[in-house]
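Please read the structure below before turning to the comments.
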Amino acid sequence: MLTEENRIVRDIAAAAPYDFICILVNDTRYGGGGIYNLYSTTYTNESVPGQEWQMDYMFVHEFGHSFAGLADEYYTSSTAYNDFYLPGIEPWEPNVTAQAEGGRVKWKSMLTAGIPVPTPWEKGAYDSVEAIRGKLDRLAPDYYRKREPLQKSAMEILRTSQYAGSVGVFEGAGYASKGLYRPSVDCRMFSLSLADFDPVCSAAIGRMIDFYADPGGK
Ligand SMILES: [Zn+2]
């Protein structure tokens with residue numbers, strides 16, 4: 001959910017001083033998008049009772065893309081892209097890597113002391129739940145009723161994972177189940193939930209705030 005009307009967007013935004021554009025879309029259809037240094041979009045009128053949290057998820061997730069250049073860490077969603085990253089090329093975003101060796105991973109300075117790299121997690125169990133979720137028809141009237149228990153078990157797997165809360169090198173990121181790695185078992189860029197940004201993503205956001213607040217780097 002993006003707009004190609006860049007000139008109109010910039011004309012409207014120019015009515016006020018701004019660093020950054022967030023477009024709020026008055027629509028009930030689930031959706032959003034975020035492009036680094038361009039803008040983010042979020043739907044703002046959730047029509048399914050009990051699912052309003054999805055708008056909060058969306059706004060912050062898309063902000064991560066557009067403000068800090070964060071990558072999607074998920075790989076099981078129906079909105080994932082195929083072959084988004086070329087094999088053998090390190091992604092430019094700060095929170096996804098193709099390097100599974102601790103000494104080469106770009107967030108090596110933030111790795112939790114003593115953590116195994118790559119870092120084991122309950123990927124098999126998580127993937128089984130996500131495979132069932134992926135078969136659901138998003139537009140069916142009972143979609144949310146069917147998704148609810150799957151959502152709960154997926155989040156429980158992440159919450160109780162051995163290295164939950166640690167910074168490591170977890171396989172499965174950037175729309176790829178294998179060969180790409182993320183810094184934390186869960187993050188706002190990984191699960192469809194209200195999970196916080198992990199420390200690597202938070203640091204990237206912090207660097208952008210510093211950049212806007214003090215462009216001279218003093
Ligand atoms: Zn995303």
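In the structure tokens, chains take letters A, B, ... by order of appearance, with residues numbered from 1 within each chain and ligands from 1 in the order shown.
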
Within 12 Å of ligand 1, counting only C-alpha atoms and all ligand atoms: which residues, as number ranges by chain? A: 1, 31-36, 40-42, 57-66, 69-75, 77-81, 173-175, 187-192

Mind the document's chain letters and residue numbers, and return as an NGL selection string the residues of segment 145-218 of chain A that DSSP labels strand (DSSP E or B). :A and (170-173 or 176-182)

Atom pair atom CA of Gln162 of chain A + atom CA of Trp121 of chain A, distance 7.0 Å

My list of candidates is A:Leu150, A:Ala68, A:Val169, A:Ile89. Which is closest to Ser202 of chain A when distances are computed with only C-alpha atoms?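 Looking at the shortest contact to Ser202 of chain A, the residue is A:Ala68.
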
Would you kindly return, as a list in words, each protein, DNA or RNA residue with an atom no farther than 7 Å from any atom of segment 122-128 of chain A, considering only C-alpha atoms and excluding same-chain residues fewer than 2 positions away?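 The filter keeps Glu130, Ala131, Ile132, Ala154, Ile157 and Ser161 of chain A.
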
I need the residue nearest Thr76 of chain A from this list: A:Lys106, A:Lys135, A:Lys152, A:Arg29. Use only C-alpha atoms for the distance. A:Lys135

Of A:Leu38, A:Val200, A:Met55, A:Val185, the one sitting nearest Pro118 of chain A when using only C-alpha atoms is A:Val185

For Glu101 of chain A: contacts at 12 Å, only C-alpha atoms, fewer than 4 positions along chain excluded, given as a VMD selection string: chain A and resid 97 105 to 108 111 115 to 119 168 to 171 179 to 181

DSSP alpha helix (DSSP H) selection over chain A, as a ChimeraX atom specification: /A:6-13,53-68,123-135,143-159,199-213

Given only C-alpha atoms as the counted atoms, nearest of A:Asp186, A:Asp27, A:Asp56, A:Glu156 to Cys201 of chain A: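 The shortest atom-to-atom distance to Cys201 of chain A comes from A:Asp186.
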
Gly50 of chain A environment, 10 Å, only C-alpha atoms, sequence neighbours closer than 4 positions dropped, as a ChimeraX atom specification: /A:46,54,144

Let me see the file: selected residues, C-alpha atoms, as an mmCIF file, in the first residue's frame.
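Once everything was written out, this is result-v1.cif:
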data_model
loop_
_atom_site.group_PDB
_atom_site.id
_atom_site.type_symbol
_atom_site.label_atom_id
_atom_site.label_comp_id
_atom_site.auth_asym_id
_atom_site.auth_seq_id
_atom_site.Cartn_x
_atom_site.Cartn_y
_atom_site.Cartn_z
ATOM 1 C CA GLU A 46 -9.691 -1.536 11.524
ATOM 2 C CA GLN A 54 -2.789 -4.536 14.096
ATOM 3 C CA TYR A 144 -9.406 -14.123 12.539
#

Under the rule that only C-alpha atoms are counted, which of A:Leu86, A:Ala100, A:Ala140, A:Ala213 is the nearest residue to Pro183 of chain A?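 Smallest distance to Pro183 of chain A is found for A:Ala100.
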
Between atom CA of Tyr163 of chain A and atom CA of Pro120 of chain A - distance in Å to one decimal: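 So the two atoms, atom CA of Pro120 of chain A and atom CA of Tyr163 of chain A, lie 8.0 Å apart.
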